[in-house]
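Student: Pasting input22.txt here (compact mmCIF, C-alpha atoms (C1' of nucleotides)):
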# COMPACT_ATOMS: atom_id res chain seq x y z
CA MET A 19 20.32 63.28 53.59
CA ALA A 20 17.84 61.35 55.68
CA ARG A 21 16.30 58.05 56.53
CA PRO A 22 16.92 55.52 53.76
CA GLU A 23 13.99 54.39 51.60
CA ILE A 24 12.80 50.86 52.05
CA LYS A 25 9.67 51.39 50.01
CA GLU A 26 10.77 48.98 47.31
CA MET A 27 11.49 46.28 49.86
CA ARG A 28 8.20 46.87 51.63
CA ARG A 29 6.40 46.86 48.31
CA GLU A 30 7.74 43.44 47.44
CA GLN A 31 6.99 42.21 50.94
CA ILE A 32 3.40 43.38 50.64
CA LEU A 33 2.93 41.98 47.15
CA ASP A 34 4.31 38.65 48.35
CA ALA A 35 1.73 38.62 51.12
CA PHE A 36 -1.06 39.67 48.81
CA GLU A 37 -0.11 36.92 46.41
CA VAL A 38 -0.35 34.32 49.18
CA CYS A 39 -3.78 35.62 50.11
CA VAL A 40 -4.99 35.69 46.51
CA ALA A 41 -3.89 32.08 46.08
CA LYS A 42 -5.69 31.10 49.28
CA TYR A 43 -8.89 33.13 49.12
CA GLY A 44 -9.17 34.43 45.56
CA VAL A 45 -8.90 38.08 44.60
CA GLU A 46 -12.17 39.09 46.23
CA GLY A 47 -11.35 37.25 49.41
CA ALA A 48 -7.89 38.72 49.77
CA THR A 49 -8.62 41.73 51.97
CA LEU A 50 -6.14 44.42 52.90
CA ALA A 51 -6.28 43.35 56.53
CA LYS A 52 -5.44 39.72 55.71
CA THR A 53 -2.67 40.90 53.43
CA ALA A 54 -1.17 43.15 56.07
CA GLU A 55 -1.32 40.38 58.65
CA GLN A 56 0.32 37.93 56.24
CA ALA A 57 3.07 40.50 55.67
CA GLY A 58 3.45 41.16 59.35
CA LEU A 59 2.74 44.84 58.84
CA ALA A 60 0.04 47.28 59.83
CA ARG A 61 -2.68 47.83 57.31
CA PRO A 62 -1.93 51.50 56.61
CA LEU A 63 1.48 50.43 55.34
CA VAL A 64 -0.18 48.66 52.46
CA ARG A 65 -1.61 51.91 51.30
CA HIS A 66 1.55 53.84 52.05
CA ASN A 67 3.79 51.54 50.05
CA VAL A 68 1.61 50.26 47.23
CA GLY A 69 -1.63 52.22 47.14
CA ASN A 70 -5.32 51.50 47.34
CA ARG A 71 -6.94 48.20 46.56
CA GLU A 72 -7.15 48.75 42.82
CA GLU A 73 -3.48 49.72 42.62
CA LEU A 74 -2.60 46.69 44.70
CA ILE A 75 -4.36 44.37 42.28
CA ASN A 76 -2.78 46.04 39.27
CA ALA A 77 0.65 45.85 40.87
CA LEU A 78 0.17 42.15 41.54
CA VAL A 79 -0.93 41.49 37.97
CA GLU A 80 1.99 43.37 36.48
CA ARG A 81 4.48 41.70 38.76
CA PHE A 82 2.95 38.30 38.06
CA LEU A 83 3.18 38.79 34.31
CA ALA A 84 6.71 40.18 34.41
CA ARG A 85 8.00 37.45 36.70
CA SER A 86 6.21 34.81 34.74
CA ARG A 87 7.87 35.74 31.48
CA GLN A 88 11.20 36.12 33.17
CA GLU A 89 11.08 32.76 34.94
CA MET A 90 9.78 31.04 31.85
CA GLN A 91 12.67 32.44 29.85
CA ALA A 92 15.17 31.41 32.52
CA PHE A 93 13.64 27.96 32.56
CA PHE A 94 13.90 27.51 28.82
CA ASP A 95 17.49 28.64 28.91
CA THR A 96 18.41 25.88 31.36
CA LEU A 97 16.83 23.09 29.32
CA PRO A 98 19.18 20.67 27.58
CA ALA A 99 19.38 20.88 23.82
CA ASN A 100 17.81 17.48 23.22
CA ASP A 101 14.67 16.07 24.81
CA MET A 102 13.66 19.56 25.88
CA ALA A 103 9.97 18.76 26.08
CA ARG A 104 10.50 15.73 28.27
CA SER A 105 12.76 17.73 30.56
CA ALA A 106 10.10 20.40 30.76
CA VAL A 107 7.51 17.82 31.79
CA ASP A 108 9.92 16.39 34.36
CA TRP A 109 10.29 19.82 35.82
CA LEU A 110 6.63 20.81 35.67
CA PHE A 111 5.59 17.70 37.55
CA ASP A 112 8.50 17.55 39.95
CA PRO A 113 7.03 18.06 43.42
CA GLN A 114 10.35 19.46 44.56
CA TYR A 115 10.50 22.37 42.19
CA THR A 116 6.89 22.94 41.47
CA ASP A 117 5.17 26.10 42.62
CA THR A 118 1.53 25.47 43.36
CA GLN A 119 0.98 29.11 44.18
CA PHE A 120 1.87 30.11 40.66
CA VAL A 121 -1.09 28.39 39.03
CA GLN A 122 -3.45 29.19 41.87
CA VAL A 123 -2.71 32.88 41.45
CA ALA A 124 -3.10 32.57 37.70
CA TYR A 125 -6.53 30.97 38.07
CA ALA A 126 -7.58 33.55 40.65
CA LEU A 127 -6.55 36.38 38.36
CA ILE A 128 -8.26 34.77 35.39
CA THR A 129 -11.49 34.34 37.35
CA PHE A 130 -11.34 37.91 38.53
CA SER A 131 -10.49 39.26 35.10
CA ALA A 132 -13.82 38.06 33.76
CA GLY A 133 -15.18 41.36 35.04
CA ASP A 134 -12.31 43.50 33.74
CA ALA A 135 -11.78 43.58 29.99
CA GLY A 136 -8.29 45.04 30.14
CA MET A 137 -7.08 42.49 32.59
CA ALA A 138 -8.78 39.69 30.69
CA LYS A 139 -6.80 40.63 27.60
CA LYS A 140 -3.55 40.44 29.53
CA MET A 141 -4.35 37.09 31.05
CA ARG A 142 -5.42 35.74 27.68
CA ALA A 143 -2.09 36.83 26.23
CA TRP A 144 -0.26 35.24 29.14
CA LEU A 145 -2.09 31.97 28.61
CA LYS A 146 -1.40 32.02 24.91
CA ASN A 147 2.26 32.70 25.57
CA PHE A 148 2.45 29.79 27.99
CA GLN A 149 0.96 27.36 25.54
CA GLU A 150 3.03 28.63 22.62
CA SER A 151 6.23 28.32 24.60
CA LEU A 152 5.40 24.73 25.37
CA ASN A 153 4.45 24.24 21.76
CA ASN A 154 7.78 25.55 20.52
CA LEU A 155 9.68 23.16 22.74
CA ILE A 156 7.75 20.26 21.34
CA VAL A 157 8.20 21.40 17.77
CA ASP A 158 11.96 21.38 18.29
CA ASP A 159 11.88 17.87 19.69
CA PHE A 160 9.43 16.43 17.19
CA PRO A 161 9.93 18.33 13.94
CA GLN A 162 8.24 15.60 11.92
CA ALA A 163 4.98 15.64 13.88
CA ASP A 164 2.01 17.46 12.43
CA PRO A 165 1.16 20.86 13.91
CA GLN A 166 -2.33 19.91 15.03
CA SER A 167 -1.07 16.98 17.04
CA ILE A 168 1.58 19.17 18.61
CA SER A 169 -1.03 21.77 19.55
CA ALA A 170 -3.09 19.04 21.12
CA VAL A 171 -0.15 17.77 23.13
CA SER A 172 0.84 21.23 24.35
CA ALA A 173 -2.74 22.10 25.26
CA GLY A 174 -3.11 18.77 27.00
CA ILE A 175 0.07 19.05 29.03
CA MET A 176 -0.80 22.59 30.01
CA GLY A 177 -4.26 21.54 31.13
CA ILE A 178 -3.02 18.58 33.12
CA TYR A 179 -0.34 20.69 34.76
CA PHE A 180 -2.70 23.52 35.68
CA ASN A 181 -5.22 21.11 37.07
CA VAL A 182 -2.71 19.30 39.24
CA GLU A 183 -1.41 22.53 40.69
CA THR A 184 -4.86 23.90 41.35
CA LEU A 185 -6.07 20.78 43.08
CA HIS A 186 -2.92 20.54 45.12
CA ALA A 187 -4.60 22.59 47.84
CA ILE A 188 -7.09 19.81 48.45
CA SER A 189 -5.80 16.56 47.05
CA SER A 190 -3.02 14.48 48.48
CA PRO A 191 -0.26 15.31 46.02
CA ASP A 192 0.89 11.89 44.87
CA SER A 193 -2.47 10.34 44.10
CA LEU A 194 -3.03 12.87 41.36
CA LEU A 195 0.50 13.92 40.53
CA ILE A 196 1.85 10.55 39.51
CA PRO A 197 -0.88 9.60 37.03
CA SER A 198 -0.96 13.17 35.76
CA LYS A 199 2.72 13.16 34.97
CA LYS A 200 2.33 9.81 33.28
CA ALA A 201 -0.49 11.23 31.19
CA ALA A 202 1.70 14.12 30.11
CA LEU A 203 4.40 11.68 29.09
CA ILE A 204 1.92 9.57 27.15
CA LEU A 205 0.98 12.68 25.20
CA LEU A 206 4.60 13.39 24.39
CA THR A 207 5.30 9.80 23.41
CA SER A 208 2.36 9.83 21.03
CA LEU A 209 4.35 12.20 18.83
CA GLU A 210 7.21 9.75 18.40
CA ALA A 211 5.50 7.36 16.04
CA PRO A 212 5.27 8.65 12.48
CA LYS A 213 1.66 9.56 11.92
CA MET B 27 -55.48 26.30 54.67
CA ALA B 28 -53.53 29.26 53.47
CA ARG B 29 -51.25 30.71 50.89
CA PRO B 30 -49.36 27.92 49.12
CA GLU B 31 -45.68 27.48 49.85
CA ILE B 32 -43.26 28.36 47.13
CA LYS B 33 -40.30 28.12 49.44
CA GLU B 34 -38.84 25.19 47.54
CA MET B 35 -39.10 27.04 44.27
CA ARG B 36 -37.63 30.19 45.75
CA ARG B 37 -34.89 28.16 47.35
CA GLU B 38 -33.86 26.69 44.02
CA GLN B 39 -34.10 30.11 42.40
CA ILE B 40 -31.81 31.58 45.05
CA LEU B 41 -29.35 28.70 44.89
CA ASP B 42 -29.25 29.04 41.12
CA ALA B 43 -28.39 32.71 41.49
CA PHE B 44 -25.84 32.03 44.19
CA GLU B 45 -24.23 29.41 41.98
CA VAL B 46 -23.89 31.91 39.14
CA CYS B 47 -22.26 34.38 41.51
CA VAL B 48 -19.92 31.79 42.98
CA ALA B 49 -18.83 30.81 39.47
CA LYS B 50 -18.25 34.47 38.60
CA TYR B 51 -16.74 35.89 41.76
CA GLY B 52 -15.71 32.92 43.89
CA VAL B 53 -17.34 32.02 47.20
CA GLU B 54 -15.94 35.02 49.05
CA GLY B 55 -16.98 37.40 46.31
CA ALA B 56 -20.52 36.09 46.04
CA THR B 57 -22.33 38.42 48.41
CA LEU B 58 -25.96 38.13 49.47
CA ALA B 59 -26.75 41.37 47.68
CA LYS B 60 -25.28 40.17 44.38
CA THR B 61 -27.07 36.87 44.80
CA ALA B 62 -30.41 38.54 45.44
CA GLU B 63 -29.94 40.83 42.46
CA GLN B 64 -29.02 37.88 40.25
CA ALA B 65 -32.16 36.11 41.42
CA GLY B 66 -34.28 39.20 40.89
CA LEU B 67 -35.36 39.13 44.52
CA ALA B 68 -34.93 41.35 47.53
CA ARG B 69 -32.09 40.45 49.82
CA PRO B 70 -34.20 39.52 52.86
CA LEU B 71 -35.77 36.75 50.78
CA VAL B 72 -32.45 34.99 50.68
CA ARG B 73 -32.48 34.72 54.41
CA HIS B 74 -36.17 33.90 54.54
CA ASN B 75 -35.92 31.02 52.09
CA VAL B 76 -32.48 29.57 52.63
CA GLY B 77 -30.95 31.08 55.74
CA ASN B 78 -27.85 32.97 56.64
CA ARG B 79 -24.65 33.00 54.67
CA GLU B 80 -23.24 29.84 56.17
CA GLU B 81 -26.45 27.93 55.49
CA LEU B 82 -26.47 29.27 51.95
CA ILE B 83 -22.98 27.95 51.30
CA ASN B 84 -23.79 24.58 52.84
CA ALA B 85 -26.97 24.35 50.80
CA LEU B 86 -25.04 25.08 47.63
CA VAL B 87 -22.42 22.47 48.41
CA GLU B 88 -24.99 19.80 49.19
CA ARG B 89 -27.00 20.58 46.09
CA PHE B 90 -23.87 20.62 43.97
CA LEU B 91 -22.76 17.23 45.27
CA ALA B 92 -26.19 15.66 44.96
CA ARG B 93 -26.78 16.99 41.46
CA SER B 94 -23.32 16.06 40.41
CA ARG B 95 -23.73 12.41 41.38
CA GLN B 96 -27.18 12.33 39.89
CA GLU B 97 -26.15 13.83 36.57
CA MET B 98 -23.09 11.70 36.38
CA GLN B 99 -25.20 8.62 36.92
CA ALA B 100 -27.71 9.72 34.31
CA PHE B 101 -24.88 10.41 31.91
CA PHE B 102 -23.37 6.99 32.36
CA ASP B 103 -26.73 5.39 31.84
CA THR B 104 -27.10 7.00 28.43
CA LEU B 105 -23.69 5.91 27.18
CA PRO B 106 -23.65 3.19 24.53
CA ALA B 107 -22.36 -0.21 25.59
CA ASN B 108 -19.27 -0.04 23.40
CA ASP B 109 -16.81 2.81 23.09
CA MET B 110 -18.14 4.33 26.29
CA ALA B 111 -14.99 6.25 27.05
CA ARG B 112 -14.84 7.83 23.63
CA SER B 113 -18.49 8.82 23.88
CA ALA B 114 -17.78 10.34 27.26
CA VAL B 115 -14.97 12.41 25.80
CA ASP B 116 -17.21 13.47 22.93
CA TRP B 117 -19.73 14.66 25.42
CA LEU B 118 -17.30 16.31 27.82
CA PHE B 119 -15.78 18.38 25.05
CA ASP B 120 -18.94 19.10 23.14
CA PRO B 121 -19.48 22.86 23.32
CA GLN B 122 -23.18 22.31 22.87
CA TYR B 123 -23.72 20.25 25.97
CA THR B 124 -20.90 21.37 28.12
CA ASP B 125 -21.55 23.30 31.29
CA THR B 126 -18.70 25.65 32.07
CA GLN B 127 -20.35 26.74 35.27
CA PHE B 128 -20.12 23.25 36.67
CA VAL B 129 -16.34 23.18 36.80
CA GLN B 130 -16.05 26.81 37.79
CA VAL B 131 -18.24 26.19 40.80
CA ALA B 132 -16.27 23.08 41.63
CA TYR B 133 -13.00 25.00 41.58
CA ALA B 134 -14.51 27.83 43.63
CA LEU B 135 -15.75 25.38 46.25
CA ILE B 136 -12.41 23.58 46.30
CA THR B 137 -10.54 26.84 46.78
CA PHE B 138 -12.87 27.87 49.55
CA SER B 139 -12.77 24.47 51.21
CA ALA B 140 -9.06 24.88 51.89
CA GLY B 141 -10.16 26.73 55.00
CA ASP B 142 -12.89 24.26 55.99
CA ALA B 143 -11.79 20.72 56.79
CA GLY B 144 -15.26 19.20 56.55
CA MET B 145 -15.95 20.74 53.20
CA ALA B 146 -12.49 19.81 51.96
CA LYS B 147 -13.20 16.19 52.72
CA LYS B 148 -16.41 16.30 50.72
CA MET B 149 -14.75 17.95 47.74
CA ARG B 150 -11.92 15.47 47.86
CA ALA B 151 -14.42 12.64 47.78
CA TRP B 152 -16.24 14.29 44.91
CA LEU B 153 -13.03 14.60 42.95
CA LYS B 154 -12.08 11.02 43.64
CA ASN B 155 -15.50 9.86 42.54
CA PHE B 156 -15.23 11.83 39.31
CA GLN B 157 -11.91 10.33 38.42
CA GLU B 158 -12.94 6.82 39.41
CA SER B 159 -16.07 7.00 37.33
CA LEU B 160 -14.02 7.97 34.33
CA ASN B 161 -11.57 5.25 35.19
CA ASN B 162 -14.29 2.60 35.30
CA LEU B 163 -15.51 3.58 31.87
CA ILE B 164 -12.04 3.20 30.47
CA VAL B 165 -11.47 -0.13 32.18
CA ASP B 166 -14.59 -1.45 30.49
CA ASP B 167 -13.41 -0.28 27.10
CA PHE B 168 -9.80 -1.35 27.48
CA PRO B 169 -9.77 -4.38 29.74
CA GLN B 170 -6.34 -5.42 28.56
CA ALA B 171 -4.62 -2.13 29.43
CA ASP B 172 -2.61 -1.95 32.61
CA PRO B 173 -4.19 -0.14 35.58
CA GLN B 174 -1.50 2.49 35.89
CA SER B 175 -1.89 3.56 32.30
CA ILE B 176 -5.62 3.73 32.74
CA SER B 177 -5.23 5.86 35.85
CA ALA B 178 -2.96 8.16 33.91
CA VAL B 179 -5.46 8.48 31.09
CA SER B 180 -8.38 9.18 33.40
CA ALA B 181 -6.39 11.72 35.42
CA GLY B 182 -5.23 13.34 32.21
CA ILE B 183 -8.66 13.60 30.65
CA MET B 184 -10.08 14.97 33.86
CA GLY B 185 -7.36 17.59 34.08
CA ILE B 186 -7.72 18.65 30.48
CA TYR B 187 -11.48 18.86 30.83
CA PHE B 188 -11.39 20.86 34.04
CA ASN B 189 -8.84 23.23 32.61
CA VAL B 190 -10.81 23.87 29.44
CA GLU B 191 -13.94 24.62 31.39
CA THR B 192 -12.19 26.89 33.83
CA LEU B 193 -10.47 28.88 31.15
CA HIS B 194 -13.64 29.15 29.15
CA ALA B 195 -14.45 32.40 30.95
CA ILE B 196 -11.45 34.07 29.37
CA SER B 197 -10.35 32.11 26.33
CA SER B 198 -12.07 32.00 22.99
CA PRO B 199 -13.63 28.56 23.19
CA ASP B 200 -12.37 26.89 20.05
CA SER B 201 -8.71 27.79 20.26
CA LEU B 202 -8.34 25.73 23.38
CA LEU B 203 -11.24 23.33 23.08
CA ILE B 204 -10.27 21.68 19.81
CA PRO B 205 -6.67 20.81 20.72
CA SER B 206 -7.80 19.83 24.21
CA LYS B 207 -10.31 17.36 22.89
CA LYS B 208 -7.73 15.98 20.54
CA ALA B 209 -5.35 15.54 23.47
CA ALA B 210 -8.01 13.64 25.39
CA LEU B 211 -8.51 11.36 22.39
CA ILE B 212 -4.76 10.79 22.04
CA LEU B 213 -4.73 9.63 25.64
CA LEU B 214 -7.55 7.19 24.98
CA THR B 215 -5.98 5.90 21.80
CA SER B 216 -2.73 5.23 23.63
CA LEU B 217 -4.52 2.40 25.42
CA GLU B 218 -5.41 0.60 22.22
CA ALA B 219 -1.98 -0.73 21.36
CA PRO B 220 -0.92 -3.67 23.50
CA LYS B 221 1.73 -2.34 25.84
C1' DT C 12 22.99 68.01 68.62
C1' DC C 13 19.64 69.47 65.27
C1' DC C 14 17.42 69.11 60.94
C1' DT C 15 15.43 66.67 57.20
C1' DT C 16 13.16 62.96 55.19
C1' DA C 17 10.62 58.94 55.31
C1' DA C 18 8.66 55.07 57.90
C1' DT C 19 5.31 53.97 61.17
C1' DT C 20 1.31 54.48 63.99
C1' DA C 21 -3.19 56.17 65.39
C1' DT C 22 -7.47 57.34 64.19
C1' DC C 23 -11.69 58.62 61.76
C1' DA C 24 -15.25 58.60 58.22
C1' DA C 25 -17.59 56.33 54.45
C1' DA C 26 -19.16 52.36 52.15
C1' DC C 27 -20.39 47.77 52.17
C1' DT C 28 -22.04 43.31 54.14
C1' DT C 29 -24.59 40.66 57.14
C1' DG C 30 -28.11 39.54 60.69
C1' DA C 31 -32.43 40.33 62.42
C1' DC C 32 -37.16 41.67 63.03
C1' DA C 33 -41.46 44.14 62.48
C1' DA C 34 -44.97 45.51 59.33
C1' DT C 35 -47.40 44.79 55.20
C1' DC C 36 -49.35 42.30 51.37
C1' DA C 37 -51.28 38.08 48.97
C1' DA C 38 -53.69 33.86 48.44
C1' DT C 39 -56.29 30.04 49.85
C1' DT C 40 -59.85 27.78 52.77
C1' DG C 41 -63.96 27.66 55.42
C1' DC D 17 -66.13 37.70 53.51
C1' DA D 18 -63.06 36.56 57.30
C1' DA D 19 -59.29 34.17 59.07
C1' DT D 20 -54.97 32.14 58.58
C1' DT D 21 -50.65 31.24 56.77
C1' DG D 22 -46.81 32.55 54.33
C1' DA D 23 -44.53 35.73 50.94
C1' DT D 24 -42.77 40.23 50.59
C1' DT D 25 -41.04 44.63 51.94
C1' DG D 26 -38.92 48.11 54.95
C1' DT D 27 -35.74 49.16 58.12
C1' DC D 28 -32.06 49.21 61.43
C1' DA D 29 -28.09 47.79 64.10
C1' DA D 30 -23.61 45.50 64.19
C1' DG D 31 -19.58 44.22 62.09
C1' DT D 32 -16.19 44.54 58.35
C1' DT D 33 -13.58 46.65 54.74
C1' DT D 34 -11.66 50.46 52.59
C1' DG D 35 -9.97 55.32 52.03
C1' DA D 36 -7.70 58.99 53.93
C1' DT D 37 -5.02 62.03 56.94
C1' DA D 38 -2.72 63.76 60.97
C1' DA D 39 0.60 62.73 64.49
C1' DT D 40 4.57 60.32 65.94
C1' DT D 41 8.88 57.94 65.62
C1' DA D 42 13.29 56.55 63.47
C1' DA D 43 17.50 57.14 60.77
C1' DG D 44 20.93 59.49 58.69
C1' DG D 45 23.65 63.98 57.44
C1' DA D 46 25.28 68.69 58.64
As structure tokens, how would this structure be written, given the file I've shared?
Tutor:
Amino acid sequence: MARPEIKEMRREQILDAFEVCVAKYGVEGATLAKTAEQAGLARPLVRHNVGNREELINALVERFLARSRQEMQAFFDTLPANDMARSAVDWLFDPQYTDTQFVQVAYALITFSAGDAGMAKKMRAWLKNFQESLNNLIVDDFPQADPQSISAVSAGIMGIYFNVETLHAISSPDSLLIPSKKAALILLTSLEAPK
Amino acid sequence: MARPEIKEMRREQILDAFEVCVAKYGVEGATLAKTAEQAGLARPLVRHNVGNREELINALVERFLARSRQEMQAFFDTLPANDMARSAVDWLFDPQYTDTQFVQVAYALITFSAGDAGMAKKMRAWLKNFQESLNNLIVDDFPQADPQSISAVSAGIMGIYFNVETLHAISSPDSLLIPSKKAALILLTSLEAPK
DNA sequence: TCCTTAATTATCAAACTTGACAATCAATTG
DNA sequence: CAATTGATTGTCAAGTTTGATAATTAAGGA
């Protein structure tokens, strides 16, 4: 009947830009003006296509959680049947495929969610899901290892990975990445020997 | 001759409050008004005792770096001569002595410093110093271990520690802390066996 | 071409944040 | 007590950020 809707496209475009800003400046530092500039759009379009600031934040959180689950699932599906955990570590610490923005956004949202109980709950669940997914991989690869050691290894790898990605903004990648990956592999290897 | 100066005391009081706000909201979210409220002072006192926003941030960074070195030095001095690294891990992951704000402020400053080359350099140096200090402890304890493995262990412990502290705001402490500490100990133990 | 629908732009008001300064109050010394 | 120095308070202007709406423009169908 009339002009075609591009609201969905614009919405994604704006959320992409907002995500970049959140990763760079944190949630509180990611203003609508910066977001609009990053998107190459006028500020009123942010409101028109997504809503006010609160709705923008909620939309980002929901999209982040949905994508996160989705990508995690896709990732697990591509892993080989054997040595899944090692493959996962290879991928997590591969500078070519790694997505520094992912963890930076996660940390920004977690920091922000300290003042928002509902959001905090969601981020806590997301974190738990991340660690449990890693944990399950390791259980499959090392069925004989004791659960506490496996929890330690999954928590450790997650921590090392998050830290590397977060510090990527400031540190020269290799100086931290290489020893960090090695540390993750040491953790995995520790499960090989019968306890 | 006149009313005694309490500027130094007020300055510390204000920087303490600003630090709390930076940990909570990030640098960009830590406004002068929030800082003043946190300090229990009127906003103009912030300016009177420390200066404008830029000076406040610089003062916080300098104090953070100075304290950090100082406390790290003091910490190393109290470590026993043997098993220093393990004692360090015990301390880092001891919920009683740990200071979650410390790492949260560090991350906030690092995030912010992405847009400030001079500050980025300082934070990079701080980070390097932290890892090297840990590294030196481990070298002393495991002189026979190869340098690359030691670097991996120090980078890993640092990452796990930073991650635990950062997520402390959102995660129930024990569920992450216990496996994380265990992971740090696994890393240390991996250096015991001759390669 | 004309109409309809939606995207885009322009613009304004309100709230918030910062910077700055004058006026007032408090405490110590002579 | 008086004078002096500094802490404290009150206040205002400038700039920024957000919220909201009216006006304009663009794209397709009848």
Student: For a quick test of understanding: name the residues of chain C lying within 7 Å of chain B when counting all atoms listed in the file, and present them as a PyMOL selection string.
Tutor: chain C and resi 38-40
Student: Rounded to one decimal, what separation in Å do you get between atom CA of Leu193 of chain B and atom CA of Thr129 of chain A?
Tutor: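 These two atoms are separated by 8.3 Å.
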Student: Just how far from atom CA of Ala126 of chain A is atom CA of Ile24 of chain A, in Å to one decimal?
Tutor: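 Computing the Euclidean distance for atom CA of Ile24 of chain A and atom CA of Ala126 of chain A yields 29.1 Å.
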Student: Using all atoms listed in the file, which of the listed residues (D:DA38, D:DA18, D:DA23, D:DC28) sits closest to Lys33 of chain B?
Tutor: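 Going through D:DA38, D:DA18, D:DA23, D:DC28 one by one, the smallest distance to Lys33 of chain B is for D:DA23.
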Student: Distance cut-off 6 Å, centre (-13.6, 55.0, 57.6) in file coordinates, counting all atoms listed in the file: which residues qualify? Return them as number ranges by chain.
Tutor: C: 23-25
Student: For chain D, which residues have at least one atom within 8 Å of chain B, if we go by only C-alpha atoms (C1' of nucleotides)? Write them as a ChimeraX atom specification, please.
Tutor: /D:20-22,24
Student: What are the residues of chain B that have an atom within 9 Å of an atom of chain A, counting all atoms listed in the file, as number ranges by chain?
Tutor: B: 49-56, 130, 133-134, 136-141, 146-147, 149-150, 153, 174-190, 192-193, 195-198, 202-210, 212-213, 216
Student: Between atom CA of Glu63 of chain B and atom CA of Glu34 of chain B, what is the spacing in Å?
Tutor: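 These atoms are spaced 18.7 Å apart.
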Student: When you look at Phe36 of chain A with a cut-off of 7 Å (counting only C-alpha atoms (C1' of nucleotides)), what residues show up, excluding the ones that are within fewer than 3 positions of it in the same chain? I need them as a JSON list (two decimals) with C-alpha atoms, keeping the file's coordinate frame.
Tutor:
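Saved to part-v8.json:
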[["chain", "number", "residue", "atom", "x", "y", "z"],
["A", 32, "ILE", "CA", 3.40, 43.38, 50.64],
["A", 33, "LEU", "CA", 2.93, 41.98, 47.15],
["A", 39, "CYS", "CA", -3.78, 35.62, 50.11],
["A", 40, "VAL", "CA", -4.99, 35.69, 46.51],
["A", 48, "ALA", "CA", -7.89, 38.72, 49.77],
["A", 53, "THR", "CA", -2.67, 40.90, 53.43]]
Student: Would you fill out segment 58-71 of chain B with N, CA and C atoms and return it as a compact mmCIF listing (two decimals), keeping the file's coordinate frame?
Tutor:
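This is the output file part-v2.txt:
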# COMPACT_ATOMS: atom_id res chain seq x y z
N LEU B 58 -24.51 38.34 49.45
CA LEU B 58 -25.96 38.13 49.47
C LEU B 58 -26.65 39.14 48.56
N ALA B 59 -26.14 40.34 48.51
CA ALA B 59 -26.75 41.37 47.68
C ALA B 59 -26.65 41.00 46.20
N LYS B 60 -25.45 40.58 45.78
CA LYS B 60 -25.28 40.17 44.38
C LYS B 60 -26.17 38.99 44.06
N THR B 61 -26.25 38.06 45.00
CA THR B 61 -27.07 36.87 44.80
C THR B 61 -28.53 37.25 44.63
N ALA B 62 -29.01 38.11 45.51
CA ALA B 62 -30.41 38.54 45.44
C ALA B 62 -30.68 39.24 44.11
N GLU B 63 -29.76 40.10 43.71
CA GLU B 63 -29.94 40.83 42.46
C GLU B 63 -29.99 39.85 41.28
N GLN B 64 -29.07 38.89 41.30
CA GLN B 64 -29.02 37.88 40.25
C GLN B 64 -30.34 37.10 40.19
N ALA B 65 -30.91 36.87 41.35
CA ALA B 65 -32.16 36.11 41.42
C ALA B 65 -33.37 36.99 41.11
N GLY B 66 -33.16 38.30 41.10
CA GLY B 66 -34.28 39.20 40.89
C GLY B 66 -35.18 39.28 42.10
N LEU B 67 -34.58 39.10 43.27
CA LEU B 67 -35.36 39.13 44.52
C LEU B 67 -34.73 40.13 45.49
N ALA B 68 -35.48 40.49 46.49
CA ALA B 68 -34.93 41.35 47.53
C ALA B 68 -34.05 40.52 48.46
N ARG B 69 -33.06 41.18 49.02
CA ARG B 69 -32.09 40.45 49.82
C ARG B 69 -32.71 39.69 51.01
N PRO B 70 -33.65 40.26 51.72
CA PRO B 70 -34.20 39.52 52.86
C PRO B 70 -34.81 38.17 52.46
N LEU B 71 -35.18 38.03 51.21
CA LEU B 71 -35.77 36.75 50.78
C LEU B 71 -34.73 35.63 50.79
